[in-house]
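Next up, data20.cif (mmCIF, N, CA and C atoms):
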```
data_start
#
loop_
_atom_site.group_PDB
_atom_site.id
_atom_site.type_symbol
_atom_site.label_atom_id
_atom_site.label_comp_id
_atom_site.auth_asym_id
_atom_site.auth_seq_id
_atom_site.Cartn_x
_atom_site.Cartn_y
_atom_site.Cartn_z
ATOM 1 N N MET A 79 60.910 -79.958 -78.312
ATOM 2 C CA MET A 79 60.383 -79.366 -77.104
ATOM 3 C C MET A 79 58.948 -78.909 -77.373
ATOM 4 N N ASP A 80 58.011 -79.334 -76.529
ATOM 5 C CA ASP A 80 56.622 -78.928 -76.724
ATOM 6 C C ASP A 80 56.310 -77.669 -75.924
ATOM 7 N N GLU A 81 55.102 -77.149 -76.126
ATOM 8 C CA GLU A 81 54.762 -75.870 -75.487
ATOM 9 C C GLU A 81 54.647 -75.966 -73.968
ATOM 10 N N LEU A 82 54.301 -77.124 -73.448
ATOM 11 C CA LEU A 82 54.209 -77.260 -71.995
ATOM 12 C C LEU A 82 55.587 -77.203 -71.344
ATOM 13 N N THR A 83 56.586 -77.742 -71.989
ATOM 14 C CA THR A 83 57.940 -77.684 -71.456
ATOM 15 C C THR A 83 58.474 -76.257 -71.504
ATOM 16 N N MET A 84 58.074 -75.503 -72.521
ATOM 17 C CA MET A 84 58.576 -74.141 -72.678
ATOM 18 C C MET A 84 58.035 -73.200 -71.608
ATOM 19 N N ILE A 85 56.836 -73.479 -71.075
ATOM 20 C CA ILE A 85 56.258 -72.587 -70.076
ATOM 21 C C ILE A 85 56.276 -73.184 -68.670
ATOM 22 N N ASP A 86 57.064 -74.215 -68.459
ATOM 23 C CA ASP A 86 57.149 -74.855 -67.150
ATOM 24 C C ASP A 86 57.923 -73.951 -66.192
ATOM 25 N N LEU A 87 57.201 -73.323 -65.271
ATOM 26 C CA LEU A 87 57.836 -72.419 -64.325
ATOM 27 C C LEU A 87 58.541 -73.160 -63.195
ATOM 28 N N HIS A 88 58.323 -74.472 -63.094
ATOM 29 C CA HIS A 88 59.017 -75.253 -62.075
ATOM 30 C C HIS A 88 60.476 -75.480 -62.447
ATOM 31 N N ALA A 89 60.817 -75.234 -63.706
ATOM 32 C CA ALA A 89 62.195 -75.432 -64.153
ATOM 33 C C ALA A 89 63.114 -74.308 -63.672
ATOM 34 N N VAL A 90 62.540 -73.178 -63.275
ATOM 35 C CA VAL A 90 63.338 -72.049 -62.787
ATOM 36 C C VAL A 90 63.747 -72.348 -61.341
ATOM 37 N N PRO A 91 65.002 -72.185 -60.988
ATOM 38 C CA PRO A 91 65.426 -72.472 -59.602
ATOM 39 C C PRO A 91 64.770 -71.524 -58.598
ATOM 40 N N LEU A 92 64.525 -72.045 -57.398
ATOM 41 C CA LEU A 92 63.870 -71.242 -56.358
ATOM 42 C C LEU A 92 64.678 -70.006 -55.984
ATOM 43 N N SER A 93 65.984 -70.108 -56.033
ATOM 44 C CA SER A 93 66.815 -68.959 -55.672
ATOM 45 C C SER A 93 66.621 -67.797 -56.634
ATOM 46 N N LEU A 94 66.094 -68.060 -57.808
ATOM 47 C CA LEU A 94 65.800 -67.007 -58.771
ATOM 48 C C LEU A 94 64.324 -66.631 -58.757
ATOM 49 N N SER A 95 63.449 -67.621 -58.659
ATOM 50 C CA SER A 95 62.019 -67.343 -58.768
ATOM 51 C C SER A 95 61.433 -66.672 -57.519
ATOM 52 N N LEU A 96 61.928 -67.017 -56.336
ATOM 53 C CA LEU A 96 61.343 -66.437 -55.126
ATOM 54 C C LEU A 96 61.579 -64.932 -55.000
ATOM 55 N N PRO A 97 62.786 -64.419 -55.222
ATOM 56 C CA PRO A 97 62.942 -62.959 -55.171
ATOM 57 C C PRO A 97 62.133 -62.234 -56.246
ATOM 58 N N ILE A 98 62.019 -62.857 -57.411
ATOM 59 C CA ILE A 98 61.210 -62.244 -58.472
ATOM 60 C C ILE A 98 59.746 -62.217 -58.063
ATOM 61 N N CYS A 99 59.250 -63.312 -57.501
ATOM 62 C CA CYS A 99 57.854 -63.367 -57.063
ATOM 63 C C CYS A 99 57.590 -62.363 -55.939
ATOM 64 N N PHE A 100 58.553 -62.205 -55.042
ATOM 65 C CA PHE A 100 58.385 -61.229 -53.964
ATOM 66 C C PHE A 100 58.315 -59.811 -54.532
ATOM 67 N N ALA A 101 59.208 -59.494 -55.467
ATOM 68 C CA ALA A 101 59.224 -58.156 -56.064
ATOM 69 C C ALA A 101 57.949 -57.892 -56.860
ATOM 70 N N VAL A 102 57.502 -58.881 -57.613
ATOM 71 C CA VAL A 102 56.262 -58.717 -58.375
ATOM 72 C C VAL A 102 55.072 -58.587 -57.429
ATOM 73 N N GLY A 103 55.058 -59.377 -56.351
ATOM 74 C CA GLY A 103 53.997 -59.252 -55.356
ATOM 75 C C GLY A 103 53.993 -57.881 -54.703
ATOM 76 N N LEU A 104 55.175 -57.349 -54.439
ATOM 77 C CA LEU A 104 55.282 -56.012 -53.861
ATOM 78 C C LEU A 104 54.735 -54.969 -54.825
ATOM 79 N N LEU A 105 55.100 -55.070 -56.083
ATOM 80 C CA LEU A 105 54.588 -54.120 -57.076
ATOM 81 C C LEU A 105 53.084 -54.261 -57.268
ATOM 82 N N LEU A 106 52.597 -55.493 -57.306
ATOM 83 C CA LEU A 106 51.155 -55.713 -57.415
ATOM 84 C C LEU A 106 50.422 -55.136 -56.206
ATOM 85 N N GLY A 107 50.986 -55.351 -55.033
ATOM 86 C CA GLY A 107 50.365 -54.832 -53.823
ATOM 87 C C GLY A 107 50.346 -53.318 -53.792
ATOM 88 N N LEU A 108 51.444 -52.697 -54.207
ATOM 89 C CA LEU A 108 51.477 -51.235 -54.247
ATOM 90 C C LEU A 108 50.434 -50.694 -55.222
ATOM 91 N N ALA A 109 50.321 -51.336 -56.383
ATOM 92 C CA ALA A 109 49.315 -50.911 -57.356
ATOM 93 C C ALA A 109 47.902 -51.143 -56.809
ATOM 94 N N TYR A 110 47.690 -52.297 -56.183
ATOM 95 C CA TYR A 110 46.372 -52.641 -55.654
ATOM 96 C C TYR A 110 45.931 -51.651 -54.577
ATOM 97 N N PHE A 111 46.787 -51.408 -53.613
ATOM 98 C CA PHE A 111 46.385 -50.551 -52.501
ATOM 99 C C PHE A 111 46.372 -49.074 -52.878
ATOM 100 N N SER A 112 47.169 -48.691 -53.866
ATOM 101 C CA SER A 112 47.073 -47.320 -54.372
ATOM 102 C C SER A 112 45.744 -47.115 -55.101
ATOM 103 N N ALA A 113 45.348 -48.112 -55.886
ATOM 104 C CA ALA A 113 44.060 -48.035 -56.564
ATOM 105 C C ALA A 113 42.913 -48.089 -55.560
ATOM 106 N N LEU A 114 43.073 -48.837 -54.492
ATOM 107 C CA LEU A 114 42.047 -48.882 -53.445
ATOM 108 C C LEU A 114 41.893 -47.520 -52.783
ATOM 109 N N ARG A 115 43.022 -46.871 -52.511
ATOM 110 C CA ARG A 115 42.968 -45.533 -51.922
ATOM 111 C C ARG A 115 42.268 -44.560 -52.871
ATOM 112 N N ARG A 116 42.619 -44.639 -54.150
ATOM 113 C CA ARG A 116 41.994 -43.754 -55.146
ATOM 114 C C ARG A 116 40.500 -44.027 -55.244
ATOM 115 N N THR A 117 40.103 -45.288 -55.172
ATOM 116 C CA THR A 117 38.688 -45.652 -55.228
ATOM 117 C C THR A 117 37.933 -45.070 -54.042
ATOM 118 N N THR A 118 38.501 -45.177 -52.851
ATOM 119 C CA THR A 118 37.818 -44.623 -51.685
ATOM 120 C C THR A 118 37.740 -43.097 -51.759
ATOM 121 N N GLU A 119 38.775 -42.459 -52.302
ATOM 122 C CA GLU A 119 38.711 -41.004 -52.482
ATOM 123 C C GLU A 119 37.610 -40.628 -53.454
ATOM 124 N N LEU A 120 37.440 -41.417 -54.507
ATOM 125 C CA LEU A 120 36.374 -41.149 -55.470
ATOM 126 C C LEU A 120 34.999 -41.319 -54.830
ATOM 127 N N ILE A 121 34.833 -42.376 -54.060
ATOM 128 C CA ILE A 121 33.534 -42.644 -53.446
ATOM 129 C C ILE A 121 33.203 -41.586 -52.397
ATOM 130 N N LEU A 122 34.165 -41.284 -51.531
ATOM 131 C CA LEU A 122 33.909 -40.319 -50.466
ATOM 132 C C LEU A 122 33.827 -38.885 -50.980
ATOM 133 N N GLY A 123 34.550 -38.595 -52.059
ATOM 134 C CA GLY A 123 34.564 -37.242 -52.599
ATOM 135 C C GLY A 123 33.500 -36.983 -53.638
ATOM 136 N N GLY A 124 32.658 -37.950 -53.893
ATOM 137 C CA GLY A 124 31.596 -37.754 -54.879
ATOM 138 C C GLY A 124 32.108 -37.787 -56.307
ATOM 139 N N GLY A 125 33.142 -38.540 -56.562
ATOM 140 C CA GLY A 125 33.712 -38.648 -57.905
ATOM 141 C C GLY A 125 32.891 -39.566 -58.791
ATOM 142 N N SER A 126 33.457 -39.907 -59.906
ATOM 143 C CA SER A 126 32.777 -40.724 -60.902
ATOM 144 C C SER A 126 32.609 -42.164 -60.425
ATOM 145 N N PRO A 127 31.359 -42.636 -60.338
ATOM 146 C CA PRO A 127 31.140 -44.029 -59.936
ATOM 147 C C PRO A 127 31.671 -45.021 -60.980
ATOM 148 N N LEU A 128 31.647 -44.621 -62.241
ATOM 149 C CA LEU A 128 32.153 -45.504 -63.279
ATOM 150 C C LEU A 128 33.653 -45.716 -63.133
ATOM 151 N N LEU A 129 34.383 -44.652 -62.856
ATOM 152 C CA LEU A 129 35.823 -44.778 -62.649
ATOM 153 C C LEU A 129 36.121 -45.624 -61.416
ATOM 154 N N ALA A 130 35.332 -45.463 -60.365
ATOM 155 C CA ALA A 130 35.508 -46.271 -59.155
ATOM 156 C C ALA A 130 35.272 -47.749 -59.460
ATOM 157 N N ALA A 131 34.266 -48.049 -60.271
ATOM 158 C CA ALA A 131 33.977 -49.444 -60.631
ATOM 159 C C ALA A 131 35.096 -50.020 -61.489
ATOM 160 N N VAL A 132 35.601 -49.228 -62.430
ATOM 161 C CA VAL A 132 36.695 -49.694 -63.288
ATOM 162 C C VAL A 132 37.950 -49.951 -62.454
ATOM 163 N N LEU A 133 38.250 -49.054 -61.515
ATOM 164 C CA LEU A 133 39.409 -49.261 -60.643
ATOM 165 C C LEU A 133 39.248 -50.527 -59.803
ATOM 166 N N THR A 134 38.048 -50.763 -59.314
ATOM 167 C CA THR A 134 37.799 -51.956 -58.504
ATOM 168 C C THR A 134 37.991 -53.227 -59.325
ATOM 169 N N LEU A 135 37.413 -53.255 -60.517
ATOM 170 C CA LEU A 135 37.574 -54.435 -61.369
ATOM 171 C C LEU A 135 39.029 -54.618 -61.791
ATOM 172 N N GLY A 136 39.710 -53.526 -62.073
ATOM 173 C CA GLY A 136 41.120 -53.598 -62.435
ATOM 174 C C GLY A 136 41.986 -54.109 -61.294
ATOM 175 N N ARG A 137 41.672 -53.667 -60.074
ATOM 176 C CA ARG A 137 42.420 -54.143 -58.903
ATOM 177 C C ARG A 137 42.303 -55.648 -58.764
ATOM 178 N N PHE A 138 41.066 -56.137 -58.815
ATOM 179 C CA PHE A 138 40.845 -57.575 -58.646
ATOM 180 C C PHE A 138 41.450 -58.380 -59.784
ATOM 181 N N ALA A 139 41.332 -57.889 -61.003
ATOM 182 C CA ALA A 139 41.872 -58.615 -62.156
ATOM 183 C C ALA A 139 43.400 -58.669 -62.090
ATOM 184 N N GLY A 140 44.027 -57.563 -61.758
ATOM 185 C CA GLY A 140 45.485 -57.534 -61.684
ATOM 186 C C GLY A 140 46.028 -58.440 -60.594
ATOM 187 N N LEU A 141 45.419 -58.370 -59.431
ATOM 188 C CA LEU A 141 45.876 -59.211 -58.324
ATOM 189 C C LEU A 141 45.610 -60.685 -58.615
ATOM 190 N N GLY A 142 44.453 -60.966 -59.196
ATOM 191 C CA GLY A 142 44.139 -62.355 -59.547
ATOM 192 C C GLY A 142 45.091 -62.914 -60.584
ATOM 193 N N ALA A 143 45.427 -62.128 -61.591
ATOM 194 C CA ALA A 143 46.361 -62.576 -62.630
ATOM 195 C C ALA A 143 47.756 -62.792 -62.043
ATOM 196 N N GLY A 144 48.175 -61.900 -61.168
ATOM 197 C CA GLY A 144 49.483 -62.053 -60.542
ATOM 198 C C GLY A 144 49.567 -63.289 -59.682
ATOM 199 N N PHE A 145 48.531 -63.536 -58.901
ATOM 200 C CA PHE A 145 48.530 -64.739 -58.066
ATOM 201 C C PHE A 145 48.415 -66.005 -58.909
ATOM 202 N N TYR A 146 47.699 -65.924 -60.016
ATOM 203 C CA TYR A 146 47.603 -67.091 -60.894
ATOM 204 C C TYR A 146 48.978 -67.457 -61.452
ATOM 205 N N LEU A 147 49.722 -66.460 -61.876
ATOM 206 C CA LEU A 147 51.072 -66.729 -62.377
ATOM 207 C C LEU A 147 51.971 -67.279 -61.279
ATOM 208 N N ALA A 148 51.782 -66.793 -60.062
ATOM 209 C CA ALA A 148 52.567 -67.319 -58.948
ATOM 210 C C ALA A 148 52.188 -68.765 -58.648
ATOM 211 N N VAL A 149 50.918 -69.107 -58.798
ATOM 212 C CA VAL A 149 50.487 -70.494 -58.589
ATOM 213 C C VAL A 149 51.157 -71.412 -59.600
ATOM 214 N N LEU A 150 51.305 -70.934 -60.821
ATOM 215 C CA LEU A 150 51.972 -71.747 -61.840
ATOM 216 C C LEU A 150 53.424 -72.029 -61.476
ATOM 217 N N ALA A 151 54.033 -71.137 -60.711
ATOM 218 C CA ALA A 151 55.419 -71.327 -60.296
ATOM 219 C C ALA A 151 55.539 -72.200 -59.051
ATOM 220 N N GLY A 152 54.437 -72.455 -58.359
ATOM 221 C CA GLY A 152 54.465 -73.342 -57.195
ATOM 222 C C GLY A 152 54.005 -72.659 -55.918
ATOM 223 N N GLY A 153 53.871 -73.457 -54.892
ATOM 224 C CA GLY A 153 53.365 -72.976 -53.614
ATOM 225 C C GLY A 153 54.272 -71.975 -52.934
ATOM 226 N N PHE A 154 55.570 -72.220 -52.961
ATOM 227 C CA PHE A 154 56.503 -71.277 -52.340
ATOM 228 C C PHE A 154 56.466 -69.919 -53.039
ATOM 229 N N ALA A 155 56.341 -69.959 -54.356
ATOM 230 C CA ALA A 155 56.269 -68.711 -55.119
ATOM 231 C C ALA A 155 54.993 -67.949 -54.775
ATOM 232 N N LEU A 156 53.893 -68.665 -54.605
ATOM 233 C CA LEU A 156 52.628 -68.020 -54.242
ATOM 234 C C LEU A 156 52.736 -67.364 -52.864
ATOM 235 N N LEU A 157 53.303 -68.079 -51.911
ATOM 236 C CA LEU A 157 53.455 -67.518 -50.569
ATOM 237 C C LEU A 157 54.405 -66.324 -50.562
ATOM 238 N N THR A 158 55.436 -66.385 -51.382
ATOM 239 C CA THR A 158 56.377 -65.275 -51.467
ATOM 240 C C THR A 158 55.714 -64.056 -52.082
ATOM 241 N N ALA A 159 54.910 -64.260 -53.129
ATOM 242 C CA ALA A 159 54.179 -63.153 -53.742
ATOM 243 C C ALA A 159 53.188 -62.558 -52.750
ATOM 244 N N LEU A 160 52.529 -63.408 -51.978
ATOM 245 C CA LEU A 160 51.616 -62.918 -50.947
ATOM 246 C C LEU A 160 52.365 -62.090 -49.909
ATOM 247 N N GLY A 161 53.565 -62.513 -49.553
ATOM 248 C CA GLY A 161 54.389 -61.728 -48.631
ATOM 249 C C GLY A 161 54.685 -60.351 -49.185
ATOM 250 N N GLY A 162 54.951 -60.257 -50.486
ATOM 251 C CA GLY A 162 55.179 -58.963 -51.118
ATOM 252 C C GLY A 162 53.942 -58.077 -51.072
ATOM 253 N N VAL A 163 52.779 -58.678 -51.305
ATOM 254 C CA VAL A 163 51.522 -57.913 -51.240
ATOM 255 C C VAL A 163 51.274 -57.427 -49.815
ATOM 256 N N LEU A 164 51.532 -58.273 -48.835
ATOM 257 C CA LEU A 164 51.315 -57.870 -47.442
ATOM 258 C C LEU A 164 52.292 -56.781 -47.013
ATOM 259 N N LEU A 165 53.520 -56.823 -47.508
ATOM 260 C CA LEU A 165 54.467 -55.753 -47.220
ATOM 261 C C LEU A 165 54.001 -54.447 -47.856
ATOM 262 N N ALA A 166 53.475 -54.524 -49.064
ATOM 263 C CA ALA A 166 52.940 -53.327 -49.724
ATOM 264 C C ALA A 166 51.779 -52.746 -48.930
ATOM 265 N N ARG A 167 50.937 -53.624 -48.400
ATOM 266 C CA ARG A 167 49.825 -53.161 -47.561
ATOM 267 C C ARG A 167 50.355 -52.392 -46.353
ATOM 268 N N ARG A 168 51.378 -52.954 -45.741
ATOM 269 C CA ARG A 168 51.991 -52.320 -44.570
ATOM 270 C C ARG A 168 52.568 -50.951 -44.939
ATOM 271 N N LEU A 169 53.229 -50.874 -46.085
ATOM 272 C CA LEU A 169 53.835 -49.615 -46.519
ATOM 273 C C LEU A 169 52.777 -48.564 -46.841
ATOM 274 N N ILE A 170 51.729 -48.963 -47.551
ATOM 275 C CA ILE A 170 50.673 -48.007 -47.929
ATOM 276 C C ILE A 170 49.906 -47.553 -46.694
ATOM 277 N N LEU A 171 49.542 -48.475 -45.823
ATOM 278 C CA LEU A 171 48.786 -48.085 -44.631
ATOM 279 C C LEU A 171 49.655 -47.328 -43.638
ATOM 280 N N GLY A 172 50.953 -47.558 -43.664
ATOM 281 C CA GLY A 172 51.855 -46.834 -42.793
ATOM 282 C C GLY A 172 51.952 -45.364 -43.166
ATOM 283 N N LYS A 173 51.631 -45.032 -44.421
ATOM 284 C CA LYS A 173 51.689 -43.643 -44.878
ATOM 285 C C LYS A 173 50.511 -42.827 -44.342
ATOM 286 N N THR A 174 49.399 -43.487 -44.061
ATOM 287 C CA THR A 174 48.216 -42.758 -43.602
ATOM 288 C C THR A 174 48.389 -42.389 -42.138
ATOM 289 N N GLU A 175 47.971 -41.222 -41.804
ATOM 290 C CA GLU A 175 48.099 -40.755 -40.423
ATOM 291 C C GLU A 175 47.088 -41.497 -39.551
ATOM 292 N N GLY A 176 47.609 -42.180 -38.565
ATOM 293 C CA GLY A 176 46.735 -42.941 -37.657
ATOM 294 C C GLY A 176 46.268 -44.254 -38.238
ATOM 295 N N GLY A 177 46.779 -44.643 -39.403
ATOM 296 C CA GLY A 177 46.365 -45.906 -40.020
ATOM 297 C C GLY A 177 46.982 -47.087 -39.307
ATOM 298 N N ARG A 178 46.191 -48.127 -39.160
ATOM 299 C CA ARG A 178 46.703 -49.345 -38.553
ATOM 300 C C ARG A 178 47.194 -50.263 -39.645
ATOM 301 N N ALA A 179 48.372 -50.791 -39.493
ATOM 302 C CA ALA A 179 48.921 -51.659 -40.524
ATOM 303 C C ALA A 179 48.875 -53.081 -40.117
#
```

Translate this file's structure into structure tokens.
Amino acid sequence: MDELTMIDLHAVPLSLSLPICFAVGLLLGLAYFSALRRTTELILGGGSPLLAAVLTLGRFAGLGAGFYLAVLAGGFALLTALGGVLLARRLILGKTEGGRA
């Protein structure tokens, strides 16, 4: 068995990979939008610009890495992970008073 066969995410059945991708997308989305909220609090509250920049880069890197792994699992997995991120967006924005989700 070579290394490409060992990391082939297409070998995992969809009935197992899709719920996992949705859950990971949900967790990624919660982390992303929580960090976004913290970044805006830092910017508006006069906090550390360096911390705001690090949070921004971390948000993009984490979401990009998560979506990259979902792409390796296939198109359905990517769409399912995106659904998890969008649900997280809805949950985070639903917590804000008067926020539109």

Show me, as JSON lines, the residues of region 118-150 of chain A having an atom within 6 Å of region 108-114 of chain A, each with the closest atom pair and its distance in Å, using all atoms listed in the file.
```
{"residue": "A:Thr118", "atom": "N", "partner": "A:Leu114", "partner_atom": "C", "distance": 4.1}
{"residue": "A:Glu119", "atom": "N", "partner": "A:Leu114", "partner_atom": "C", "distance": 6.0}
{"residue": "A:Arg137", "atom": "CA", "partner": "A:Tyr110", "partner_atom": "CA", "distance": 5.3}
```

Go ahead and compute the interatomic distance for CA of Arg115 (chain A) and CA of Ile170 (chain A), in Å to one decimal.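 A separation of 9.0 Å between them.
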
To one decimal place, how far is atom C of Ala155 (chain A) from CA of Cys99 (chain A) in Å?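 Going from atom C of Ala155 (chain A) over to CA of Cys99 (chain A) covers 5.9 Å.
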
Would you mind reading off the distance between atom C of Ala130 (chain A) and atom N of Leu106 (chain A), one decimal, in Å? 19.1 Å

Excluding Leu164 (chain A) and residues on its chain fewer than 5 positions from it, collect all residues at most 10 Å away from it, counting only C-alpha atoms, and give them as a PyMOL selection string. chain A and resi 103-104+107-108+158-159+169-170+179

Taking every listed atom of region 125-136 of chain A and adding 5 Å to each side, what centre and edge lengths in Å (one decimal) does the axis-aligned box have, as JSON?
```
{"center_x": 36.6, "center_y": -46.6, "center_z": -59.9, "size_x": 20.8, "size_y": 26.1, "size_z": 16.7}
```

Pick from A:Arg116, A:Gly152, A:Leu105, A:Leu147 nearest to Ala166 (chain A), counting all atoms listed in the file: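 The closest residue to Ala166 (chain A) is A:Leu105.
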
Please, which residues of chain A, numbered as in this document, come out alpha helix (DSSP H) from DSSP, as JSON, numbers by chain? {"A": [81, 82, 83, 84, 92, 93, 94, 95, 96, 97, 98, 99, 100, 101, 102, 103, 104, 105, 106, 107, 108, 109, 110, 111, 112, 113, 114, 115, 116, 117, 118, 119, 120, 121, 122, 127, 128, 129, 130, 131, 132, 133, 134, 135, 136, 137, 138, 139, 140, 141, 142, 143, 144, 145, 146, 147, 148, 149, 150, 151, 153, 154, 155, 156, 157, 158, 159, 160, 161, 162, 163, 164, 165, 166, 167, 168, 169, 170, 171, 172, 173]}

Of the candidates A:Val163, A:Leu171, A:Ile121, A:Ala131, which one gets nearest to Ala101 (chain A) if we count all atoms listed in the file?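 Closest candidate: A:Val163.
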
Selection: 8 Å around Leu129 (chain A), all atoms listed in the file, excl. self and same-chain fewer than 6 positions, as a VMD selection string: chain A and resid 116 to 117 120 135

With N, CA, C and O atoms as the goal, would you fill in the gaps in region 117-128 of chain A and present it as a CSV table (one decimal), in the frame of the given file?
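In the end it all went to part_22.csv:
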```
chain,number,residue,atom,x,y,z
A,117,THR,N,40.1,-45.3,-55.2
A,117,THR,CA,38.7,-45.7,-55.2
A,117,THR,C,37.9,-45.1,-54.0
A,117,THR,O,36.8,-44.5,-54.2
A,118,THR,N,38.5,-45.2,-52.9
A,118,THR,CA,37.8,-44.6,-51.7
A,118,THR,C,37.7,-43.1,-51.8
A,118,THR,O,36.7,-42.5,-51.3
A,119,GLU,N,38.8,-42.5,-52.3
A,119,GLU,CA,38.7,-41.0,-52.5
A,119,GLU,C,37.6,-40.6,-53.5
A,119,GLU,O,36.9,-39.6,-53.3
A,120,LEU,N,37.4,-41.4,-54.5
A,120,LEU,CA,36.4,-41.1,-55.5
A,120,LEU,C,35.0,-41.3,-54.8
A,120,LEU,O,34.1,-40.5,-55.0
A,121,ILE,N,34.8,-42.4,-54.1
A,121,ILE,CA,33.5,-42.6,-53.4
A,121,ILE,C,33.2,-41.6,-52.4
A,121,ILE,O,32.1,-41.0,-52.4
A,122,LEU,N,34.2,-41.3,-51.5
A,122,LEU,CA,33.9,-40.3,-50.5
A,122,LEU,C,33.8,-38.9,-51.0
A,122,LEU,O,33.1,-38.1,-50.4
A,123,GLY,N,34.6,-38.6,-52.1
A,123,GLY,CA,34.6,-37.2,-52.6
A,123,GLY,C,33.5,-37.0,-53.6
A,123,GLY,O,33.5,-35.9,-54.2
A,124,GLY,N,32.7,-38.0,-53.9
A,124,GLY,CA,31.6,-37.8,-54.9
A,124,GLY,C,32.1,-37.8,-56.3
A,124,GLY,O,31.6,-37.1,-57.2
A,125,GLY,N,33.1,-38.5,-56.6
A,125,GLY,CA,33.7,-38.6,-57.9
A,125,GLY,C,32.9,-39.6,-58.8
A,125,GLY,O,31.8,-40.0,-58.5
A,126,SER,N,33.5,-39.9,-59.9
A,126,SER,CA,32.8,-40.7,-60.9
A,126,SER,C,32.6,-42.2,-60.4
A,126,SER,O,33.6,-42.9,-60.2
A,127,PRO,N,31.4,-42.6,-60.3
A,127,PRO,CA,31.1,-44.0,-59.9
A,127,PRO,C,31.7,-45.0,-61.0
A,127,PRO,O,32.1,-46.1,-60.6
A,128,LEU,N,31.6,-44.6,-62.2
A,128,LEU,CA,32.2,-45.5,-63.3
A,128,LEU,C,33.7,-45.7,-63.1
A,128,LEU,O,34.1,-46.8,-63.2
```
